[in-house]
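So this block is protein.cif, mmCIF, C-alpha atoms and all ligand atoms:
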data_entry
loop_
_atom_site.label_atom_id
_atom_site.label_comp_id
_atom_site.auth_asym_id
_atom_site.auth_seq_id
_atom_site.Cartn_x
_atom_site.Cartn_y
_atom_site.Cartn_z
CA MET H 25 -3.68 11.92 5.37
CA CYS H 26 -3.28 8.80 7.35
CA THR H 27 0.18 7.88 8.48
CA GLU H 28 2.20 8.57 11.59
CA HIS H 29 -0.34 11.02 12.82
CA HIS H 30 -4.03 10.46 13.02
CA ALA H 31 -6.20 10.68 9.96
CA LYS H 32 -7.29 14.23 10.52
CA GLY H 33 -3.82 15.59 11.07
CA PRO H 34 -2.46 18.87 9.76
CA GLY H 35 -1.98 19.11 6.07
CA ARG H 36 -4.85 16.86 5.11
CA ALA H 37 -6.40 19.71 3.23
CA ALA H 38 -3.48 19.64 0.84
CA VAL H 39 -4.85 16.54 -0.82
CA SER H 40 -8.47 16.91 0.10
CA GLY H 41 -11.12 19.11 -1.36
CA ALA H 42 -14.72 18.51 -2.22
CA ALA H 43 -14.09 19.44 -5.82
CA ARG H 44 -12.01 16.33 -6.26
CA LEU H 45 -14.29 13.91 -4.46
CA ASP H 46 -16.10 11.80 -6.97
CA GLY H 47 -19.38 11.21 -5.26
CA GLY H 48 -21.11 10.12 -8.44
CA ARG H 49 -19.08 6.96 -8.83
CA PRO H 50 -20.80 3.62 -8.32
CA VAL H 51 -20.74 2.22 -4.83
CA ARG H 52 -21.12 -1.46 -4.16
CA ALA H 53 -22.79 -2.96 -1.11
CA THR H 54 -20.87 -6.23 -0.97
CA ARG H 55 -17.61 -7.58 -2.19
CA ARG H 56 -17.73 -9.41 -5.45
CA ARG H 57 -16.32 -12.77 -6.31
CA PHE H 58 -12.76 -13.86 -5.83
CA LEU H 59 -10.73 -12.71 -8.82
CA ALA H 60 -8.31 -15.51 -9.52
CA GLY H 61 -8.56 -15.77 -13.25
CA GLY H 62 -6.10 -13.15 -14.38
CA LEU H 63 -6.73 -10.92 -17.35
CA GLY H 64 -10.05 -12.36 -18.38
CA ALA H 65 -11.55 -12.02 -14.95
CA ILE H 66 -10.22 -8.52 -14.59
CA ALA H 67 -11.61 -7.47 -17.93
CA GLY H 68 -14.93 -8.88 -16.85
CA THR H 69 -15.07 -6.81 -13.72
CA LEU H 70 -14.48 -3.61 -15.62
CA GLY H 71 -17.92 -3.99 -17.03
CA GLY H 72 -17.28 -2.05 -20.18
CA GLY H 73 -15.72 0.84 -18.42
CA LEU H 74 -18.14 1.24 -15.52
CA LEU H 75 -15.36 2.31 -13.23
CA LEU H 76 -12.78 3.60 -15.65
CA GLY H 77 -14.94 5.35 -18.15
CA GLY H 78 -13.56 3.10 -20.84
CA THR H 79 -10.32 5.03 -20.96
CA VAL H 80 -7.94 2.38 -19.66
CA ALA H 81 -7.60 -1.02 -21.22
CA ALA H 82 -8.16 -3.88 -18.84
CA GLU H 83 -4.90 -5.48 -19.90
CA GLU H 84 -3.00 -2.59 -18.39
CA ALA H 85 -4.29 -3.49 -14.96
CA SER H 86 -2.11 -6.52 -14.62
CA VAL H 87 1.00 -8.21 -15.89
CA GLU H 88 1.28 -11.91 -16.54
CA ARG H 89 4.18 -13.36 -14.60
CA SER H 90 5.79 -16.73 -14.12
CA GLY H 91 3.56 -19.60 -13.21
CA GLY H 92 0.55 -18.07 -14.89
CA VAL H 93 -0.17 -15.80 -11.93
CA SER H 94 -1.18 -12.28 -12.84
CA LEU H 95 0.39 -9.59 -10.72
CA PRO H 96 -0.63 -5.96 -10.48
CA SER H 97 1.02 -3.45 -12.72
CA TYR H 98 3.79 -1.78 -10.74
CA HIS H 99 5.20 1.73 -11.11
CA ASN H 100 8.41 2.61 -9.34
CA ARG H 101 9.44 6.04 -8.10
CA PRO H 102 11.15 7.17 -11.30
CA SER H 103 8.11 6.16 -13.33
CA TRP H 104 5.80 8.47 -11.40
CA GLY H 105 8.34 11.25 -11.25
CA ALA H 106 9.40 11.18 -7.61
CA ASP H 107 11.88 13.99 -7.10
CA GLU H 108 14.59 12.32 -5.02
CA ALA H 109 15.97 15.74 -4.09
CA LEU H 110 12.90 16.30 -1.90
CA ARG H 111 14.21 13.67 0.52
CA LEU H 112 17.51 15.46 0.91
CA LYS H 113 18.36 18.23 3.31
CA GLN H 114 20.43 21.15 2.12
CA ASP H 115 23.64 19.41 3.09
CA GLY H 116 22.65 16.35 1.07
CA THR H 117 21.90 14.10 4.04
CA VAL H 118 18.50 12.59 4.84
CA ASP H 119 16.30 12.70 7.91
CA TYR H 120 15.66 8.97 7.83
CA PRO H 121 18.68 6.99 6.65
CA VAL H 122 17.60 3.82 4.88
CA SER H 123 17.53 0.93 7.34
CA PHE H 124 15.99 -2.52 7.05
CA PHE H 125 14.31 -4.85 9.53
CA PRO H 126 12.74 -8.33 9.38
CA VAL H 127 9.08 -8.18 8.42
CA GLN H 128 6.63 -8.83 11.25
CA LYS H 129 3.40 -7.12 10.19
CA ILE H 130 1.51 -5.72 7.21
CA THR H 131 -0.69 -2.69 7.87
CA VAL H 132 -3.40 -1.41 5.52
CA HIS H 133 -4.17 2.32 5.24
CA HIS H 134 -6.07 4.68 3.02
CA THR H 135 -4.86 8.12 2.02
CA ALA H 136 -8.05 9.73 3.37
CA SER H 137 -7.93 12.09 0.43
CA TRP H 138 -9.75 12.66 -2.82
CA THR H 139 -9.87 9.54 -4.93
CA PRO H 140 -7.90 9.30 -8.18
CA TRP H 141 -9.81 7.77 -11.08
CA SER H 142 -7.10 7.89 -13.75
CA GLU H 143 -3.37 7.33 -13.90
CA ASP H 144 -2.80 11.06 -14.24
CA GLU H 145 -4.82 11.70 -11.11
CA SER H 146 -2.95 8.95 -9.28
CA VAL H 147 0.38 10.56 -10.12
CA GLU H 148 -0.98 13.92 -9.01
CA LEU H 149 -2.03 12.41 -5.68
CA LEU H 150 1.31 10.64 -5.24
CA GLN H 151 3.09 13.94 -5.69
CA ALA H 152 0.75 15.59 -3.17
CA VAL H 153 1.25 12.81 -0.61
CA TYR H 154 5.02 13.00 -1.11
CA ARG H 155 5.11 16.75 -0.50
CA GLU H 156 2.77 16.50 2.46
CA HIS H 157 4.76 13.76 4.16
CA ILE H 158 7.98 15.68 3.63
CA ALA H 159 6.27 18.68 5.25
CA GLN H 160 5.26 16.46 8.17
CA GLU H 161 8.92 15.44 8.54
CA PHE H 162 8.43 11.78 7.68
CA GLY H 163 11.53 12.10 5.52
CA ASP H 164 9.73 10.65 2.50
CA ILE H 165 6.37 9.12 1.67
CA GLY H 166 5.31 7.29 4.81
CA TYR H 167 3.87 4.23 3.08
CA HIS H 168 5.87 1.49 1.41
CA LEU H 169 3.32 1.00 -1.35
CA LEU H 170 0.18 2.72 -2.60
CA ILE H 171 -2.61 1.22 -4.70
CA ASP H 172 -5.00 3.22 -6.85
CA PRO H 173 -8.57 2.32 -7.86
CA LEU H 174 -7.28 0.99 -11.18
CA GLY H 175 -5.34 -1.68 -9.29
CA THR H 176 -1.91 -0.23 -10.06
CA VAL H 177 0.70 -0.52 -7.32
CA TYR H 178 3.03 2.44 -6.82
CA GLU H 179 6.34 2.48 -5.02
CA GLY H 180 6.11 4.74 -2.00
CA ARG H 181 9.04 5.01 0.31
CA TYR H 182 12.54 4.90 -1.13
CA SER H 183 14.29 1.62 -0.34
CA GLY H 184 17.80 2.16 -1.62
CA GLY H 185 17.37 2.72 -5.31
CA THR H 186 16.91 -0.89 -6.32
CA SER H 187 14.63 -1.99 -9.15
CA PHE H 188 12.22 -3.53 -6.65
CA PRO H 189 10.32 -1.89 -3.79
CA VAL H 190 10.30 -2.30 -0.01
CA TYR H 191 13.03 -4.89 0.46
CA ASP H 192 16.79 -4.94 0.88
CA ASN H 193 17.23 -7.81 -1.53
CA TYR H 194 15.13 -9.43 -4.18
CA PRO H 195 13.27 -12.40 -2.72
CA SER H 196 15.02 -14.78 -5.08
CA GLU H 197 18.30 -14.11 -3.30
CA PRO H 198 19.00 -17.15 -1.13
CA ALA H 199 21.22 -15.54 1.49
CA TRP H 200 18.55 -14.15 3.79
CA ALA H 201 14.86 -13.46 3.99
CA PRO H 202 14.05 -10.03 2.55
CA GLN H 203 13.88 -7.25 5.12
CA ALA H 204 11.71 -4.14 4.77
CA VAL H 205 12.96 -0.59 4.77
CA ASN H 206 11.89 1.35 7.83
CA ALA H 207 9.01 3.68 6.95
CA ALA H 208 6.63 6.11 8.67
CA HIS H 209 2.99 5.02 8.49
CA THR H 210 2.01 3.69 11.92
CA PHE H 211 3.21 5.67 14.90
CA GLN H 212 5.26 3.51 17.32
CA TYR H 213 4.85 0.44 15.08
CA ASN H 214 6.91 1.17 11.99
CA ALA H 215 10.03 -0.96 12.06
CA GLY H 216 9.32 -4.35 10.55
CA ASN H 217 5.85 -3.25 9.49
CA ILE H 218 5.00 -2.86 5.80
CA GLY H 219 2.44 -0.12 5.12
CA ILE H 220 0.15 -0.33 2.09
CA SER H 221 -2.19 2.57 1.41
CA ILE H 222 -5.28 2.46 -0.79
CA MET H 223 -5.54 5.80 -2.57
CA GLY H 224 -8.78 7.59 -1.78
CA ASP H 225 -11.30 7.97 1.03
CA TYR H 226 -12.81 4.64 2.04
CA ASP H 227 -15.05 6.16 4.64
CA ALA H 228 -16.77 7.81 1.66
CA HIS H 229 -17.06 4.99 -0.86
CA ASP H 230 -16.29 1.34 -1.51
CA ILE H 231 -12.99 -0.06 -2.73
CA SER H 232 -12.90 -0.97 -6.43
CA ASP H 233 -12.55 -4.58 -7.48
CA GLU H 234 -9.25 -3.74 -9.13
CA ALA H 235 -7.81 -2.19 -5.98
CA TRP H 236 -9.12 -5.09 -3.89
CA TRP H 237 -7.43 -7.58 -6.20
CA ALA H 238 -4.16 -5.64 -6.18
CA LEU H 239 -4.26 -5.30 -2.39
CA LYS H 240 -4.77 -8.96 -1.66
CA THR H 241 -2.25 -10.03 -4.30
CA THR H 242 0.39 -7.68 -2.93
CA ILE H 243 -0.19 -8.84 0.65
CA ALA H 244 -0.03 -12.45 -0.53
CA LEU H 245 3.31 -11.75 -2.23
CA ILE H 246 4.70 -10.29 0.99
CA CYS H 247 3.44 -13.28 2.95
CA ALA H 248 5.01 -15.67 0.43
CA ASN H 249 8.32 -13.78 0.60
CA THR H 250 8.50 -13.55 4.37
CA GLY H 251 6.58 -16.54 5.70
CA ILE H 252 3.96 -14.41 7.41
CA ASP H 253 0.67 -16.21 8.08
CA PRO H 254 -2.11 -13.81 7.07
CA LEU H 255 -4.55 -15.60 9.36
CA GLY H 256 -2.28 -15.54 12.39
CA GLU H 257 -1.30 -13.13 15.12
CA SER H 258 1.92 -12.74 17.04
CA LEU H 259 3.78 -10.49 19.43
CA TYR H 260 5.10 -7.49 17.53
CA THR H 261 8.31 -6.08 18.95
CA ASN H 262 9.62 -2.83 17.55
CA PRO H 263 13.40 -3.31 17.22
CA ILE H 264 13.99 0.44 17.50
CA ASN H 265 11.81 1.63 20.39
CA GLY H 266 10.96 -1.64 22.12
CA VAL H 267 7.18 -1.22 21.83
CA GLU H 268 5.42 -4.58 22.06
CA ALA H 269 1.87 -5.67 21.27
CA MET H 270 0.05 -8.83 20.34
CA LEU H 271 -1.31 -8.04 16.90
CA PRO H 272 -2.86 -9.72 13.88
CA ASN H 273 -0.21 -10.25 11.22
CA VAL H 274 -2.32 -8.35 8.68
CA LEU H 275 -4.08 -5.44 10.29
CA PRO H 276 -5.94 -2.22 9.59
CA HIS H 277 -4.22 0.90 10.92
CA ARG H 278 -7.07 1.54 13.36
CA THR H 279 -6.08 -1.54 15.37
CA VAL H 280 -3.12 0.37 16.79
CA ALA H 281 -4.20 4.00 16.56
CA GLY H 282 -7.10 6.30 17.25
CA THR H 283 -8.02 6.63 13.60
CA ASP H 284 -10.69 5.41 11.19
CA CYS H 285 -7.99 4.38 8.75
CA PRO H 286 -8.28 2.55 6.36
CA GLY H 287 -11.95 3.53 6.28
CA ALA H 288 -15.14 1.65 7.09
CA TYR H 289 -15.57 0.32 3.56
CA ILE H 290 -12.26 -1.53 3.77
CA VAL H 291 -12.37 -2.49 7.44
CA GLN H 292 -15.68 -4.30 6.98
CA TYR H 293 -13.96 -6.72 4.59
CA PHE H 294 -10.88 -7.39 6.66
CA ASP H 295 -11.60 -11.01 7.59
CA GLN H 296 -12.41 -11.70 3.96
CA LEU H 297 -9.17 -10.01 2.95
CA ARG H 298 -7.11 -12.30 5.19
CA ASP H 299 -8.96 -15.37 3.90
CA GLU H 300 -8.45 -14.44 0.26
CA VAL H 301 -4.78 -13.67 0.86
CA ALA H 302 -4.31 -17.08 2.44
CA ALA H 303 -6.00 -18.72 -0.54
CA LEU H 304 -3.68 -16.93 -2.98
CA ILE H 305 -0.35 -17.72 -1.33
CA PRO H 306 0.05 -21.31 -2.59
CA ALA H 307 -0.06 -20.07 -6.18
CA LEU H 308 2.75 -17.56 -5.66
CA GLY H 309 6.42 -18.42 -5.74
CA THR H 310 8.48 -17.07 -2.89
CA ALA H 311 10.84 -15.47 -5.41
CA THR H 312 8.08 -13.49 -7.11
CA TRP H 313 7.89 -9.80 -6.34
CA LEU H 314 6.95 -6.48 -7.84
CA ALA H 315 9.49 -4.95 -10.17
ZN ZN C 1 -3.43 4.82 8.23
#

Before anything else, please render the file you have as structure tokens.
Ligand SMILES: [Zn+2]
Amino acid sequence: MCTEHHAKGPGRAAVSGAARLDGGRPVRATRRRFLAGGLGAIAGTLGGGLLLGGTVAAEEASVERSGGVSLPSYHNRPSWGADEALRLKQDGTVDYPVSFFPVQKITVHHTASWTPWSEDESVELLQAVYREHIAQEFGDIGYHLLIDPLGTVYEGRYSGGTSFPVYDNYPSEPAWAPQAVNAAHTFQYNAGNIGISIMGDYDAHDISDEAWWALKTTIALICANTGIDPLGESLYTNPINGVEAMLPNVLPHRTVAGTDCPGAYIVQYFDQLRDEVAALIPALGTATWLA
């Protein structure tokens, strides 16, 4: 599991296991075309069920939103059955009280686990990650958001029980720029850093087109909401512990830790990811967000 601790930390076996690795799935050598066309383009990439075994309709992979932009399907904590009692200590308090900070960085991870190839398997993995991160005393799931190979975005860390993830207010609110809940995914660099984890092991196989599309769209939404330039870099300053570092605004976990995360198959595309995010931003309204 790849979060606060390095990728091979204790507890990884809880969500690993060769029996669940799907080595027979197709692996692609290069990234495919830019998917900007919404439902039609997504349906095209599914190739008659090459990846999904024909069990999930392409239309479920995205939701048409305002402005004609398709956004990933989003499942909040109640929808995947997050047991909120797990976050609570016996006296009803929490280890990590919800606190929010201005967004400075976006960090990409992978779960370094078996790879879920259906919604049921994704929910099973979410539950496993949740339990494991509680056991590691992260107080909750370490990541803000997780994305499965079907391109569905799942709410990770609790952000106050609102209908939208990550932020303290919906981006359409004019009073202040949305701030991100403090999480636990990048040791020493958490406050003001949004963590997105691709579900699976991307040292073992390539990222699916659907996950790639959901990842870049989600990052582009965050950039549109917060004004972050995905092609830029800036001095990160942790408002809690004072740690500082000049960092890309969109970075792989390995940039700031001794880890392979988010896996070689994702890292090799990172410049392309930033470019495609930048190309998407103009089409997204600043008020648009997952909900
Ligand atoms: Zn990581």

From the set H:Ala208, H:Pro96, H:Arg181, H:Ala311, which residue has the shortest atom-to-atom contact distance to H:Tyr194, counting only C-alpha atoms?
-> H:Ala311

Taking all atoms of stretch 175-184 of chain H that the file lists and extending 8 Å past them on each side, where is the centre of the axis-aligned box and how long are its edges? Answer in Å to one decimal, as lines of an AutoDock Vina configuration file.
center_x = 6.2
center_y = 1.7
center_z = -4.9
size_x = 39.1
size_y = 22.7
size_z = 26.4

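Counting only C-alpha atoms and all ligand atoms, the residue from H:Gly251, H:Gly287, H:Gly266, H:Gly309 that sits nearest to ligand ZN 1 (chain C) is H:Gly287.
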
Figure out the distance between atom ZN of ligand ZN 1 (chain C) and atom CA of H:Thr210, please, to one decimal in Å.
-> 6.7 Å

Counting only C-alpha atoms, select every polymer residue within 12 Å of (-5.7, -2.7, -6.4) as defined in the file's coordinates, and provide the selection as an MDAnalysis selection string.
-> chainID H and resid 59 66 85:86 95:98 134 169:178 220:224 231:243

What does the distance from atom CA of H:Ala136 to atom CA of H:Tyr213 come to in Å, to one decimal?
-> 19.7 Å

Which residues, written as a VMD selection string, have at least one atom at most 6 Å from H:Arg111, with only C-alpha atoms counted and residues fewer than 2 positions away on the same chain left out?
-> chain H and resid 108 to 109 163 to 164

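If you measure from each of H:His168, H:Thr117, H:Leu149, H:Ser258 to H:Thr135 using all atoms listed in the file, the closest one turns out to be H:Leu149.
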
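For the pair atom CA of H:Trp104 and atom CA of H:Leu275, the interatomic distance is 27.6 Å.
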
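Ranking H:Tyr260, H:Tyr154, H:Tyr226, H:Phe125 by their shortest atom-to-atom distance to ligand ZN 1 (chain C), with all atoms listed in the file included, puts H:Tyr226 first.
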
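Nearest to H:Pro126 of all the residues H:Leu255, H:Ala204, H:Ala244, H:Ala199 is H:Ala204, based on only C-alpha atoms.
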
Select, from H:Glu179, H:Ile264, H:Thr131, H:Ile246, the residue with the minimum atom-to-atom distance to ligand ZN 1 (chain C), counting all atoms listed in the file.
-> H:Thr131

Exercise: residues within 9 Å of coordinate (9.7, -2.6, 8.4), counting all atoms listed in the file, as a compact mmCIF listing (two decimals) with C-alpha atoms, in the coordinates of the input:
# COMPACT_ATOMS: atom_id res chain seq x y z
CA SER H 123 17.53 0.93 7.34
CA PHE H 124 15.99 -2.52 7.05
CA PHE H 125 14.31 -4.85 9.53
CA PRO H 126 12.74 -8.33 9.38
CA VAL H 127 9.08 -8.18 8.42
CA GLN H 128 6.63 -8.83 11.25
CA LYS H 129 3.40 -7.12 10.19
CA ILE H 130 1.51 -5.72 7.21
CA HIS H 168 5.87 1.49 1.41
CA VAL H 190 10.30 -2.30 -0.01
CA TYR H 191 13.03 -4.89 0.46
CA GLN H 203 13.88 -7.25 5.12
CA ALA H 204 11.71 -4.14 4.77
CA VAL H 205 12.96 -0.59 4.77
CA ASN H 206 11.89 1.35 7.83
CA ALA H 207 9.01 3.68 6.95
CA TYR H 213 4.85 0.44 15.08
CA ASN H 214 6.91 1.17 11.99
CA ALA H 215 10.03 -0.96 12.06
CA GLY H 216 9.32 -4.35 10.55
CA ASN H 217 5.85 -3.25 9.49
CA ILE H 218 5.00 -2.86 5.80
CA GLY H 219 2.44 -0.12 5.12

Using all atoms listed in the file, which residues sit within 7 Å of H:Ala269 once same-chain residues fewer than 2 positions away are excluded, as JSON, numbers by chain?
-> {"H": [259, 260, 261, 267, 271]}

Using the selection just defined, write its residues with C-alpha atoms as an mmCIF file, keeping the file's coordinate frame.
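again.cif, freshly written:
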data_model
loop_
_atom_site.group_PDB
_atom_site.id
_atom_site.type_symbol
_atom_site.label_atom_id
_atom_site.label_comp_id
_atom_site.auth_asym_id
_atom_site.auth_seq_id
_atom_site.Cartn_x
_atom_site.Cartn_y
_atom_site.Cartn_z
ATOM 1 C CA LEU H 259 3.780 -10.490 19.430
ATOM 2 C CA TYR H 260 5.100 -7.490 17.530
ATOM 3 C CA THR H 261 8.310 -6.080 18.950
ATOM 4 C CA VAL H 267 7.180 -1.220 21.830
ATOM 5 C CA LEU H 271 -1.310 -8.040 16.900
#

Got a sec to write stretch 160-194 of chain H of the block to a file, N, CA and C atoms, as an mmCIF file, in the first residue's frame?
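And here's decode00.cif as it stands now:
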data_model
loop_
_atom_site.group_PDB
_atom_site.id
_atom_site.type_symbol
_atom_site.label_atom_id
_atom_site.label_comp_id
_atom_site.auth_asym_id
_atom_site.auth_seq_id
_atom_site.Cartn_x
_atom_site.Cartn_y
_atom_site.Cartn_z
ATOM 1 N N GLN H 160 -2.914 1.301 10.123
ATOM 2 C CA GLN H 160 -1.641 2.030 10.081
ATOM 3 C C GLN H 160 -1.747 3.396 10.756
ATOM 4 N N GLU H 161 -2.902 3.642 11.376
ATOM 5 C CA GLU H 161 -3.133 4.868 12.161
ATOM 6 C C GLU H 161 -3.095 6.126 11.302
ATOM 7 N N PHE H 162 -3.619 6.021 10.082
ATOM 8 C CA PHE H 162 -3.809 7.206 9.254
ATOM 9 C C PHE H 162 -5.132 7.899 9.602
ATOM 10 N N GLY H 163 -5.924 7.277 10.433
ATOM 11 C CA GLY H 163 -7.184 7.870 10.865
ATOM 12 C C GLY H 163 -8.338 7.662 9.909
ATOM 13 N N ASP H 164 -8.020 7.196 8.704
ATOM 14 C CA ASP H 164 -9.027 7.074 7.634
ATOM 15 C C ASP H 164 -8.263 6.593 6.401
ATOM 16 N N ILE H 165 -8.940 6.470 5.284
ATOM 17 C CA ILE H 165 -8.208 6.251 4.034
ATOM 18 C C ILE H 165 -7.250 7.417 3.820
ATOM 19 N N GLY H 166 -6.027 7.106 3.431
ATOM 20 C CA GLY H 166 -5.030 8.161 3.278
ATOM 21 C C GLY H 166 -5.264 9.058 2.085
ATOM 22 N N TYR H 167 -5.807 8.501 1.019
ATOM 23 C CA TYR H 167 -5.990 9.242 -0.239
ATOM 24 C C TYR H 167 -7.292 10.035 -0.234
ATOM 25 N N HIS H 168 -7.289 11.151 -0.939
ATOM 26 C CA HIS H 168 -8.540 11.899 -1.113
ATOM 27 C C HIS H 168 -9.495 11.172 -2.054
ATOM 28 N N LEU H 169 -8.940 10.669 -3.150
ATOM 29 C CA LEU H 169 -9.748 10.041 -4.191
ATOM 30 C C LEU H 169 -9.031 8.801 -4.696
ATOM 31 N N LEU H 170 -9.826 7.827 -5.138
ATOM 32 C CA LEU H 170 -9.263 6.630 -5.778
ATOM 33 C C LEU H 170 -9.993 6.421 -7.103
ATOM 34 N N ILE H 171 -9.264 5.877 -8.069
ATOM 35 C CA ILE H 171 -9.825 5.662 -9.405
ATOM 36 C C ILE H 171 -9.577 4.213 -9.799
ATOM 37 N N ASP H 172 -10.632 3.538 -10.226
ATOM 38 C CA ASP H 172 -10.465 2.133 -10.612
ATOM 39 C C ASP H 172 -10.265 1.999 -12.128
ATOM 40 N N PRO H 173 -9.942 0.804 -12.599
ATOM 41 C CA PRO H 173 -9.672 0.634 -14.037
ATOM 42 C C PRO H 173 -10.883 0.886 -14.931
ATOM 43 N N LEU H 174 -12.083 0.928 -14.345
ATOM 44 C CA LEU H 174 -13.265 1.261 -15.130
ATOM 45 C C LEU H 174 -13.425 2.766 -15.317
ATOM 46 N N GLY H 175 -12.582 3.548 -14.642
ATOM 47 C CA GLY H 175 -12.663 4.996 -14.741
ATOM 48 C C GLY H 175 -13.633 5.615 -13.752
ATOM 49 N N THR H 176 -14.046 4.870 -12.752
ATOM 50 C CA THR H 176 -14.924 5.406 -11.710
ATOM 51 C C THR H 176 -14.072 6.032 -10.610
ATOM 52 N N VAL H 177 -14.491 7.211 -10.156
ATOM 53 C CA VAL H 177 -13.790 7.905 -9.079
ATOM 54 C C VAL H 177 -14.520 7.639 -7.765
ATOM 55 N N TYR H 178 -13.768 7.243 -6.763
ATOM 56 C CA TYR H 178 -14.335 6.958 -5.443
ATOM 57 C C TYR H 178 -13.830 7.978 -4.429
ATOM 58 N N GLU H 179 -14.757 8.395 -3.557
ATOM 59 C CA GLU H 179 -14.352 9.251 -2.455
ATOM 60 C C GLU H 179 -13.504 8.448 -1.483
ATOM 61 N N GLY H 180 -12.340 8.970 -1.149
ATOM 62 C CA GLY H 180 -11.494 8.347 -0.153
ATOM 63 C C GLY H 180 -11.729 9.006 1.200
ATOM 64 N N ARG H 181 -10.828 9.858 1.548
ATOM 65 C CA ARG H 181 -10.871 10.426 2.898
ATOM 66 C C ARG H 181 -12.121 11.270 3.147
ATOM 67 N N TYR H 182 -12.642 11.107 4.334
ATOM 68 C CA TYR H 182 -13.813 11.875 4.781
ATOM 69 C C TYR H 182 -13.468 13.359 4.816
ATOM 70 N N SER H 183 -14.390 14.182 4.305
ATOM 71 C CA SER H 183 -14.109 15.625 4.268
ATOM 72 C C SER H 183 -15.241 16.430 4.890
ATOM 73 N N GLY H 184 -15.911 15.852 5.875
ATOM 74 C CA GLY H 184 -16.896 16.625 6.618
ATOM 75 C C GLY H 184 -18.334 16.238 6.354
ATOM 76 N N GLY H 185 -18.541 15.218 5.561
ATOM 77 C CA GLY H 185 -19.903 14.743 5.351
ATOM 78 C C GLY H 185 -20.704 15.524 4.334
ATOM 79 N N THR H 186 -20.024 16.282 3.500
ATOM 80 C CA THR H 186 -20.721 17.008 2.445
ATOM 81 C C THR H 186 -21.035 16.073 1.281
ATOM 82 N N SER H 187 -21.790 16.564 0.322
ATOM 83 C CA SER H 187 -22.155 15.753 -0.838
ATOM 84 C C SER H 187 -21.054 15.721 -1.884
ATOM 85 N N PHE H 188 -19.984 16.459 -1.643
ATOM 86 C CA PHE H 188 -18.879 16.517 -2.600
ATOM 87 C C PHE H 188 -17.591 16.152 -1.865
ATOM 88 N N PRO H 189 -16.605 15.624 -2.582
ATOM 89 C CA PRO H 189 -15.380 15.171 -1.911
ATOM 90 C C PRO H 189 -14.305 16.244 -1.808
ATOM 91 N N VAL H 190 -13.365 16.018 -0.955
ATOM 92 C CA VAL H 190 -12.085 16.727 -0.834
ATOM 93 C C VAL H 190 -12.205 18.095 -0.171
ATOM 94 N N TYR H 191 -13.122 18.923 -0.677
ATOM 95 C CA TYR H 191 -13.107 20.350 -0.349
ATOM 96 C C TYR H 191 -13.966 20.709 0.859
ATOM 97 N N ASP H 192 -13.737 21.958 1.315
ATOM 98 C CA ASP H 192 -14.543 22.492 2.411
ATOM 99 C C ASP H 192 -15.776 23.232 1.916
ATOM 100 N N ASN H 193 -15.784 23.624 0.662
ATOM 101 C CA ASN H 193 -17.003 24.189 0.094
ATOM 102 C C ASN H 193 -17.050 23.853 -1.386
ATOM 103 N N TYR H 194 -18.257 23.821 -1.895
ATOM 104 C CA TYR H 194 -18.386 23.490 -3.315
ATOM 105 C C TYR H 194 -17.776 24.622 -4.134
#
